[in-house]
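query13.cif (mmCIF, C-alpha atoms and all ligand atoms)
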data_start
#
loop_
_atom_site.label_atom_id
_atom_site.label_comp_id
_atom_site.auth_asym_id
_atom_site.auth_seq_id
_atom_site.Cartn_x
_atom_site.Cartn_y
_atom_site.Cartn_z
CA MET A 81 -33.66 228.85 40.13
CA ALA A 82 -36.32 229.54 42.76
CA ASP A 83 -38.93 229.93 40.00
CA PHE A 84 -38.01 226.64 38.41
CA LEU A 85 -38.11 224.81 41.74
CA ASP A 86 -41.48 226.37 42.58
CA GLU A 87 -42.77 225.31 39.23
CA ILE A 88 -41.83 221.66 39.61
CA LYS A 89 -43.15 221.66 43.14
CA SER A 90 -46.56 222.93 42.05
CA LEU A 91 -46.51 220.51 39.12
CA HIS A 92 -46.03 217.68 41.59
CA GLU A 93 -48.84 218.97 43.80
CA SER A 94 -51.37 219.38 41.05
CA ALA A 95 -50.48 215.98 39.58
CA ARG A 96 -51.04 214.37 42.96
CA ALA A 97 -54.27 216.24 43.65
CA GLU A 98 -55.74 215.33 40.26
CA LEU A 99 -54.63 211.73 40.54
CA ALA A 100 -56.39 211.45 43.88
CA ARG A 101 -59.66 212.17 42.10
CA VAL A 102 -59.16 209.52 39.42
CA ARG A 103 -61.68 206.68 39.82
CA ASP A 104 -61.47 204.75 36.57
CA SER A 105 -58.99 203.78 33.92
CA LYS A 106 -60.38 206.24 31.39
CA THR A 107 -59.68 209.29 33.54
CA LEU A 108 -56.37 207.77 34.56
CA GLU A 109 -55.40 207.69 30.90
CA VAL A 110 -56.41 211.33 30.45
CA TRP A 111 -54.28 212.16 33.49
CA ARG A 112 -51.38 210.14 32.14
CA ILE A 113 -51.41 211.99 28.82
CA LYS A 114 -51.60 215.34 30.57
CA TYR A 115 -48.65 214.68 32.86
CA LEU A 116 -46.58 211.85 31.48
CA GLY A 117 -47.45 211.95 27.80
CA ALA A 118 -44.91 212.75 25.06
CA LYS A 119 -46.15 216.33 25.10
CA GLY A 120 -47.12 216.31 28.74
CA LEU A 121 -46.31 218.71 31.55
CA VAL A 122 -43.46 216.63 32.99
CA ARG A 123 -41.79 216.50 29.61
CA SER A 124 -42.11 220.23 29.11
CA VAL A 125 -40.58 220.92 32.54
CA MET A 126 -37.71 218.61 31.70
CA ASP A 127 -37.25 220.41 28.39
CA ARG A 128 -36.99 223.74 30.18
CA LEU A 129 -34.05 222.43 32.22
CA ARG A 130 -31.95 223.45 29.24
CA GLU A 131 -32.72 227.09 29.97
CA VAL A 132 -31.62 227.18 33.59
CA PRO A 133 -28.23 228.65 34.36
CA ARG A 134 -25.33 226.25 34.29
CA GLU A 135 -24.41 226.68 38.01
CA ILE A 136 -27.74 225.50 39.27
CA LYS A 137 -28.35 222.89 36.62
CA PRO A 138 -27.25 219.89 38.74
CA ALA A 139 -29.54 220.83 41.64
CA ALA A 140 -32.45 221.70 39.35
CA GLY A 141 -31.97 218.51 37.36
CA LYS A 142 -31.96 216.43 40.47
CA ALA A 143 -35.15 218.04 41.79
CA ALA A 144 -36.87 217.68 38.41
CA ASN A 145 -35.91 214.04 38.17
CA GLU A 146 -37.22 213.30 41.64
CA VAL A 147 -40.58 214.85 40.81
CA LYS A 148 -40.71 213.03 37.50
CA ASN A 149 -40.05 209.70 39.22
CA ALA A 150 -42.55 210.45 41.97
CA ILE A 151 -45.27 211.22 39.40
CA GLN A 152 -44.40 208.11 37.41
CA SER A 153 -44.59 205.82 40.43
CA ALA A 154 -47.83 207.48 41.61
CA PHE A 155 -49.22 206.58 38.19
CA ASP A 156 -47.94 203.02 38.39
CA SER A 157 -49.56 202.35 41.70
CA ALA A 158 -52.84 204.03 40.69
CA LEU A 159 -52.91 201.77 37.62
CA ALA A 160 -52.19 198.65 39.65
CA LYS A 161 -54.94 199.53 42.11
CA LEU A 162 -57.51 200.09 39.38
CA THR A 163 -56.62 196.83 37.63
CA SER A 164 -57.00 194.74 40.74
CA SER A 165 -60.08 196.35 42.27
CA THR A 166 -62.25 197.02 39.23
CA PRO A 167 -61.65 194.18 36.81
CA ALA A 168 -64.39 195.19 34.38
CA SER A 169 -63.03 198.69 33.79
CA ALA A 170 -59.44 197.48 33.82
CA GLY A 171 -59.99 195.60 30.59
CA PRO A 172 -59.16 191.98 29.87
CA ALA A 173 -57.60 190.95 33.22
CA VAL A 174 -60.75 189.03 34.26
CA ASP A 175 -63.32 187.67 31.84
CA VAL A 176 -66.55 187.76 33.81
CA THR A 177 -68.36 185.85 31.06
CA LEU A 178 -66.32 182.67 31.65
CA PRO A 179 -68.24 179.90 33.44
CA GLY A 180 -67.34 179.64 37.12
CA GLU A 181 -65.35 176.84 38.65
CA ARG A 182 -67.66 174.20 40.08
CA PRO A 183 -66.81 173.36 43.68
CA ALA A 184 -66.29 169.61 44.09
CA VAL A 185 -69.11 168.27 46.26
CA GLY A 186 -68.60 164.86 47.81
CA HIS A 187 -71.16 162.36 49.04
CA ALA A 188 -71.41 159.47 51.45
CA HIS A 189 -69.57 156.28 50.46
CA LEU A 190 -71.73 153.45 49.14
CA ILE A 191 -71.18 151.46 52.34
CA THR A 192 -72.38 154.38 54.47
CA GLN A 193 -75.35 154.93 52.17
CA THR A 194 -76.22 151.25 52.46
CA ILE A 195 -75.91 151.23 56.25
CA ASN A 196 -78.31 154.18 56.41
CA GLU A 197 -80.71 152.39 54.08
CA ILE A 198 -80.58 149.17 56.15
CA LEU A 199 -81.16 151.03 59.41
CA ASP A 200 -84.02 152.88 57.76
CA ILE A 201 -85.74 149.65 56.67
CA PHE A 202 -85.40 148.08 60.12
CA GLY A 203 -86.45 151.36 61.69
CA ARG A 204 -89.73 151.12 59.80
CA MET A 205 -90.18 147.58 61.19
CA GLY A 206 -89.84 148.93 64.73
CA PHE A 207 -86.17 148.21 65.49
CA SER A 208 -84.03 150.71 67.32
CA VAL A 209 -80.30 151.12 66.70
CA ALA A 210 -77.61 149.82 69.04
CA GLN A 211 -73.84 150.26 68.99
CA GLY A 212 -70.80 148.56 70.39
CA PRO A 213 -67.02 149.04 70.45
CA GLU A 214 -64.65 147.61 67.84
CA VAL A 215 -62.11 146.67 70.50
CA GLU A 216 -63.77 143.91 72.48
CA ASP A 217 -63.04 141.52 75.30
CA GLU A 218 -63.35 137.75 75.09
CA TRP A 219 -66.49 137.83 77.25
CA HIS A 220 -68.53 139.77 74.66
CA ASN A 221 -66.90 138.27 71.57
CA PHE A 222 -66.91 134.64 72.75
CA ILE A 223 -67.73 133.53 76.31
CA ALA A 224 -71.18 135.10 76.69
CA LEU A 225 -71.97 133.93 73.16
CA ASN A 226 -71.52 130.34 74.30
CA ILE A 227 -68.22 129.91 72.46
CA PRO A 228 -66.01 127.88 74.82
CA ALA A 229 -62.25 128.33 75.23
CA ALA A 230 -61.39 125.32 73.06
CA HIS A 231 -63.64 126.37 70.17
CA PRO A 232 -61.77 126.79 66.85
CA ALA A 233 -63.41 130.21 66.33
CA ARG A 234 -61.18 131.48 69.15
CA ASP A 235 -57.95 130.39 67.52
CA VAL A 236 -55.23 133.03 67.59
CA LEU A 237 -54.75 132.58 63.86
CA ASP A 238 -58.41 133.34 63.15
CA ASN A 239 -58.67 136.56 65.13
CA PHE A 240 -56.87 139.85 65.60
CA TYR A 241 -55.95 139.64 69.27
CA ILE A 242 -54.55 142.70 71.02
CA ASP A 243 -53.58 140.71 74.09
CA GLN A 244 -54.80 137.49 75.66
CA HIS A 245 -58.23 138.86 76.51
CA LEU A 246 -58.70 141.77 74.11
CA MET A 247 -59.26 141.75 70.35
CA ILE A 248 -60.80 143.71 67.54
CA ARG A 249 -64.22 142.07 67.26
CA SER A 250 -64.72 139.28 64.76
CA GLN A 251 -68.51 139.67 64.70
CA THR A 252 -71.19 142.21 65.60
CA SER A 253 -72.89 139.54 67.77
CA THR A 254 -70.90 141.19 70.59
CA ILE A 255 -73.50 143.96 70.51
CA GLN A 256 -76.28 141.48 71.34
CA ILE A 257 -74.52 140.78 74.63
CA ARG A 258 -73.91 144.45 75.37
CA VAL A 259 -77.56 145.29 74.76
CA MET A 260 -78.96 142.36 76.77
CA GLU A 261 -76.63 143.14 79.69
CA LYS A 262 -78.09 146.62 79.97
CA THR A 263 -81.69 146.26 78.81
CA PRO A 264 -84.47 144.00 80.09
CA PRO A 265 -86.77 142.50 77.40
CA PRO A 266 -88.61 143.37 75.27
CA ILE A 267 -85.53 144.05 73.12
CA CYS A 268 -85.73 144.82 69.43
CA VAL A 269 -82.49 146.26 68.04
CA VAL A 270 -80.26 146.33 64.98
CA ALA A 271 -76.60 147.28 64.94
CA THR A 272 -74.14 147.78 62.11
CA GLY A 273 -70.39 147.92 62.27
CA ARG A 274 -66.98 146.75 61.17
CA VAL A 275 -65.68 143.29 62.00
CA TYR A 276 -62.17 141.93 61.54
CA ARG A 277 -60.81 138.53 60.56
CA PRO A 278 -57.38 137.57 59.23
CA ASP A 279 -58.79 136.24 55.95
CA THR A 280 -56.77 136.27 52.78
CA VAL A 281 -58.07 139.13 50.69
CA ASP A 282 -59.76 138.18 47.41
CA ALA A 283 -62.85 139.17 45.41
CA THR A 284 -65.23 138.02 48.15
CA HIS A 285 -63.11 138.18 51.33
CA SER A 286 -61.43 140.93 53.31
CA PHE A 287 -59.69 141.30 56.67
CA MET A 288 -62.36 143.88 57.51
CA PHE A 289 -66.00 144.01 56.50
CA HIS A 290 -69.35 145.22 57.79
CA GLN A 291 -72.21 143.32 59.36
CA VAL A 292 -75.73 144.14 60.36
CA GLU A 293 -76.85 142.37 63.50
CA GLY A 294 -80.46 142.01 64.64
CA LEU A 295 -81.83 140.89 67.99
CA TYR A 296 -85.39 140.37 69.15
CA VAL A 297 -86.09 139.06 72.66
CA ASP A 298 -89.51 138.93 74.25
CA GLU A 299 -92.10 136.46 75.48
CA GLY A 300 -93.27 134.14 72.72
CA VAL A 301 -90.78 135.15 70.01
CA ASP A 302 -90.52 132.36 67.43
CA LEU A 303 -88.68 131.18 64.34
CA VAL A 304 -91.49 132.10 61.96
CA ASN A 305 -91.11 135.71 63.00
CA LEU A 306 -87.35 135.52 62.35
CA LYS A 307 -87.78 134.07 58.89
CA THR A 308 -90.47 136.60 58.00
CA THR A 309 -88.42 139.54 59.26
CA VAL A 310 -85.26 138.56 57.33
CA ASP A 311 -87.37 137.86 54.26
CA GLN A 312 -89.20 141.18 54.47
CA PHE A 313 -85.90 142.98 54.94
CA CYS A 314 -84.43 141.31 51.83
CA LYS A 315 -87.51 142.24 49.79
CA ALA A 316 -87.35 145.83 50.98
CA TYR A 317 -83.64 146.15 50.24
CA PHE A 318 -83.23 144.08 47.06
CA GLY A 319 -86.73 144.24 45.59
CA GLN A 320 -89.81 142.04 45.76
CA ASP A 321 -88.48 139.40 43.35
CA VAL A 322 -85.34 138.61 45.36
CA GLN A 323 -84.86 134.92 46.22
CA THR A 324 -83.64 133.90 49.67
CA ARG A 325 -83.11 130.50 51.22
CA PHE A 326 -82.80 129.29 54.83
CA ARG A 327 -80.35 126.46 55.24
CA PRO A 328 -79.98 124.57 58.55
CA SER A 329 -76.62 125.34 60.13
CA PHE A 330 -74.86 125.69 63.46
CA PHE A 331 -73.76 128.62 65.57
CA PRO A 332 -72.85 128.25 69.26
CA PHE A 333 -75.12 131.16 70.22
CA THR A 334 -78.28 130.00 68.45
CA GLU A 335 -80.36 126.82 68.58
CA PRO A 336 -81.69 126.02 66.04
CA SER A 337 -79.46 127.92 63.60
CA ALA A 338 -79.75 128.67 59.92
CA GLU A 339 -77.77 130.36 57.20
CA VAL A 340 -79.41 132.88 54.89
CA ASP A 341 -78.49 132.43 51.25
CA LEU A 342 -79.20 134.84 48.45
CA LEU A 343 -79.53 133.91 44.78
CA PHE A 344 -76.91 135.70 42.67
CA HIS A 345 -77.26 136.04 38.91
CA LEU A 346 -73.83 135.65 37.36
CA PRO A 347 -72.67 137.46 34.20
CA ASP A 348 -72.67 134.18 32.21
CA GLY A 349 -76.41 133.78 32.84
CA SER A 350 -76.10 131.10 35.51
CA THR A 351 -77.20 131.49 39.13
CA LYS A 352 -75.50 130.72 42.42
CA TRP A 353 -76.59 130.73 46.08
CA ILE A 354 -74.27 132.94 48.12
CA GLU A 355 -74.27 133.04 51.89
CA LEU A 356 -75.45 136.34 53.31
CA GLY A 357 -75.09 135.48 56.98
CA GLY A 358 -76.41 133.46 59.88
CA CYS A 359 -79.39 133.49 62.19
CA GLY A 360 -81.29 131.43 64.71
CA MET A 361 -83.09 131.30 68.03
CA VAL A 362 -80.92 132.72 70.80
CA ASP A 363 -79.39 129.83 72.74
CA PRO A 364 -80.70 129.57 76.35
CA ASN A 365 -77.06 129.58 77.52
CA VAL A 366 -76.65 133.05 76.02
CA LEU A 367 -79.79 134.34 77.76
CA GLU A 368 -78.49 132.91 81.04
CA ALA A 369 -75.10 134.57 80.56
CA VAL A 370 -76.84 137.97 80.48
CA ARG A 371 -79.30 137.06 83.29
CA ILE A 372 -82.40 136.88 81.15
CA ASP A 373 -84.72 134.03 82.17
CA PRO A 374 -84.83 131.51 79.28
CA GLU A 375 -87.95 129.93 80.75
CA LYS A 376 -89.83 133.19 80.33
CA TYR A 377 -88.22 134.74 77.26
CA THR A 378 -87.19 133.56 73.85
CA GLY A 379 -85.40 135.47 71.14
CA TRP A 380 -83.86 135.34 67.74
CA ALA A 381 -80.84 136.97 66.18
CA PHE A 382 -79.22 137.37 62.81
CA GLY A 383 -75.94 138.69 61.45
CA LEU A 384 -75.62 139.54 57.75
CA GLY A 385 -72.69 140.72 55.63
CA ILE A 386 -73.22 144.20 54.26
CA GLU A 387 -70.60 144.06 51.46
CA ARG A 388 -72.25 140.92 50.07
CA MET A 389 -75.57 142.74 49.94
CA ILE A 390 -74.00 145.67 48.15
CA MET A 391 -72.30 143.41 45.62
CA ARG A 392 -75.57 141.63 44.90
CA LYS A 393 -77.65 144.79 44.60
CA HIS A 394 -75.22 146.85 42.53
CA GLY A 395 -73.63 144.07 40.50
CA ILE A 396 -70.15 144.72 41.91
CA PRO A 397 -67.91 141.75 41.05
CA ASP A 398 -65.07 142.47 43.46
CA LEU A 399 -65.35 143.44 47.12
CA ARG A 400 -62.00 145.24 47.01
CA LEU A 401 -63.51 147.99 44.87
CA LEU A 402 -65.44 149.10 47.94
CA PHE A 403 -62.27 149.76 49.93
CA GLU A 404 -59.83 151.10 47.37
CA ASN A 405 -61.49 154.53 47.42
CA SER A 406 -60.94 155.28 43.78
CA ALA A 407 -63.11 158.29 42.97
CA ARG A 408 -63.87 156.73 39.58
CA PHE A 409 -65.65 153.96 41.45
CA THR A 410 -67.22 155.84 44.36
CA ARG A 411 -68.63 158.62 42.15
CA GLN A 412 -70.91 156.11 40.43
CA PHE A 413 -73.07 155.62 43.51
N1 LIG A 501 -71.86 136.17 64.05
C1 LIG A 501 -72.02 135.24 62.95
C2 LIG A 501 -70.84 135.38 62.00
O1 LIG A 501 -70.22 136.42 62.00
C3 LIG A 501 -73.30 135.50 62.21
C4 LIG A 501 -74.50 135.23 63.03
C5 LIG A 501 -75.03 133.95 63.07
C6 LIG A 501 -75.05 136.23 63.78
C7 LIG A 501 -76.16 133.69 63.83
C8 LIG A 501 -76.18 135.98 64.57
C9 LIG A 501 -76.71 134.69 64.57
O2 LIG A 501 -76.77 136.89 65.31
O3 LIG A 501 -77.82 134.44 65.32
O4 LIG A 501 -70.57 134.49 61.26
#

In structure tokens, write the structure found in this file.
Amino acid sequence: MADFLDEIKSLHESARAELARVRDSKTLEVWRIKYLGAKGLVRSVMDRLREVPREIKPAAGKAANEVKNAIQSAFDSALAKLTSSTPASAGPAVDVTLPGERPAVGHAHLITQTINEILDIFGRMGFSVAQGPEVEDEWHNFIALNIPAAHPARDVLDNFYIDQHLMIRSQTSTIQIRVMEKTPPPICVVATGRVYRPDTVDATHSFMFHQVEGLYVDEGVDLVNLKTTVDQFCKAYFGQDVQTRFRPSFFPFTEPSAEVDLLFHLPDGSTKWIELGGCGMVDPNVLEAVRIDPEKYTGWAFGLGIERMIMRKHGIPDLRLLFENSARFTRQF
């Protein structure tokens, strides 16, 4: 009995020692055949169980079985380790010749790209960039812009009021006021941002859209400079052959005022003037509201719709496509 037990003990030890040296699946297979194969050492020890005396057979059998199981599970875990850590030698588990998975790389949305492009063009003309909050008070959105309390633009149905005096801004002209309050002339800034109006959503209207606002205040600033600047901007953004038109109009914060129209080429071959935004010479009342002397300084301002520009430049027929965030749409730009 003692001999048999010694034998299985040393079998276990040598199996373990040899397995510890196995580094690849080929040697593991050699090891497996030697110990666990049909004619392997474990099998031959099990076979010799038949020869041990009957009285000690249960104890010997138990010990032999334990060693057999221990060797088997040592093999199993060695195999699992080799398969997971060395894929190439473990055979077909990983095919290293397959092409890799491409990580999905995103990019800026067309509106963001366009804003950057607009700011870049005005930057080259010498404008710096200003910013203002989306939640505004009635002073910056209306009063300082010469829009009196009874003006229809202040109607509760035409604005998103938060309370009686606060709202989400309906125009980026608010930023003109914020800049002039803080900075003495000369002022030469552009600002982009979201504006909000309770419009019914359709192909050319939305409750939220983007504007680019420009403001130039200095001594001797005139209308010719305004027209030239807006024209040069349109040529830089749309291309030299773009057609723009200035149409006399009215805004409370400019005098005189004009609307900027852009010629759209429709799919059926016809053309149509579409309003891009407004502009004009800053009204003296506005300069006074921000304590800039209208006798000394003059200025002009404009506010243009960014989505309209995008639609014209990229031939997008419906504004809503810009906000739906379908990857099939956004990926194209
Ligand atoms: N704020 C006007 C609007 O949203 C556009 C505008 C008109 C802006 C004239 C200006 C301006 O700066 O001078 O309809």

Exercise for the section: Find the residue from A:Leu225, A:Val340, A:Val301, A:Ile396 that sits nearest to A:Thr378; use only C-alpha atoms when measuring. Expected result: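 Using only C-alpha atoms, A:Thr378 sits closest to A:Val301.
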
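If you measure from each of A:Gly300, A:Pro179, A:Pro364, A:Gly141 to A:Ala224 using all atoms listed in the file, the closest one turns out to be A:Pro364.
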
Handout entry: Distance filter 6 Å around ligand LIG 501 (chain A), atoms: only C-alpha atoms and all ligand atoms, out as a PyMOL selection string
Key = chain A and resi 251+253+293+331+334+357-360+381-383

Practice task
Find the spatial neighbours of A:Asp127, counting all atoms listed in the file, within a cut-off of 12 Å - ignore same-chain residues fewer than 4 positions away - and output them as number ranges by chain.
Solution key: A: 84, 118-123, 131-132, 141, 144-145

Since we have the selection now, will you write its residues out, keeping C-alpha atoms, as a PDB file, in the frame of the given file?
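New file selection23.pdb:
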ATOM      1  CA  PHE A  84     -38.010 226.640  38.410  1.00  0.00           C
ATOM      2  CA  ALA A 118     -44.910 212.750  25.060  1.00  0.00           C
ATOM      3  CA  LYS A 119     -46.150 216.330  25.100  1.00  0.00           C
ATOM      4  CA  GLY A 120     -47.120 216.310  28.740  1.00  0.00           C
ATOM      5  CA  LEU A 121     -46.310 218.710  31.550  1.00  0.00           C
ATOM      6  CA  VAL A 122     -43.460 216.630  32.990  1.00  0.00           C
ATOM      7  CA  ARG A 123     -41.790 216.500  29.610  1.00  0.00           C
ATOM      8  CA  GLU A 131     -32.720 227.090  29.970  1.00  0.00           C
ATOM      9  CA  VAL A 132     -31.620 227.180  33.590  1.00  0.00           C
ATOM     10  CA  GLY A 141     -31.970 218.510  37.360  1.00  0.00           C
ATOM     11  CA  ALA A 144     -36.870 217.680  38.410  1.00  0.00           C
ATOM     12  CA  ASN A 145     -35.910 214.040  38.170  1.00  0.00           C
TER      13      ASN A 145
END

Handout entry: Residue among A:Asp298, A:Asp363, A:Glu146, A:Glu109 lying closest to A:Lys89, counting only C-alpha atoms
Key = A:Glu146

Exercise for the section: Please indicate the distance in Å from atom CA of A:Ala407 to atom CA of A:Ile191, rounded to one decimal place. Expected result: 14.1 Å

Exercise for the section: Find the residue from A:Ile195, A:Leu162, A:Val297, A:Val310 that sits nearest to A:Glu339; use only C-alpha atoms when measuring. Expected result: A:Val310

Practice task
Would you please work out which residue, of A:Glu135, A:Pro332, A:Arg96, A:Gly395, is nearest to A:His345 when using all atoms listed in the file?
Solution key: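 Checking each of A:Glu135, A:Pro332, A:Arg96, A:Gly395 against A:His345, counting all atoms listed in the file, the winner is A:Gly395.
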
Problem - Distance of atom CA of A:Lys376 from atom CA of A:Pro265, expressed in Å to one decimal place - result: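 It comes out at 10.2 Å.
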
Exercise for the section: Extract, using all atoms listed in the file, all DNA, RNA and protein residues at most 12 Å from A:Asp200, discarding same-chain residues fewer than 2 positions from it, and format them as a PyMOL selection string. Expected result: chain A and resi 193-198+202-209+270-272+313+316-317

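For the set A:Arg388, A:His187, A:Lys393, A:Lys106, the residue with the smallest atom-to-atom gap to A:Gly319 is A:Lys393, counting only C-alpha atoms.
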
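You will find atom CA of A:Leu190 at 8.2 Å from atom CA of A:Ile390.
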
Exercise for the section: For A:Lys352, work out the shell of residues within 12 Å, counting only C-alpha atoms and skipping chain neighbours fewer than 4 positions away, then give it as a list in words. Expected result: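 In the requested form, the answer reads Gln323, Thr324, Arg325, Asp341, Leu342, Leu343, Phe344, His345, Leu346, Pro347, Asp348 and Arg392 of chain A.
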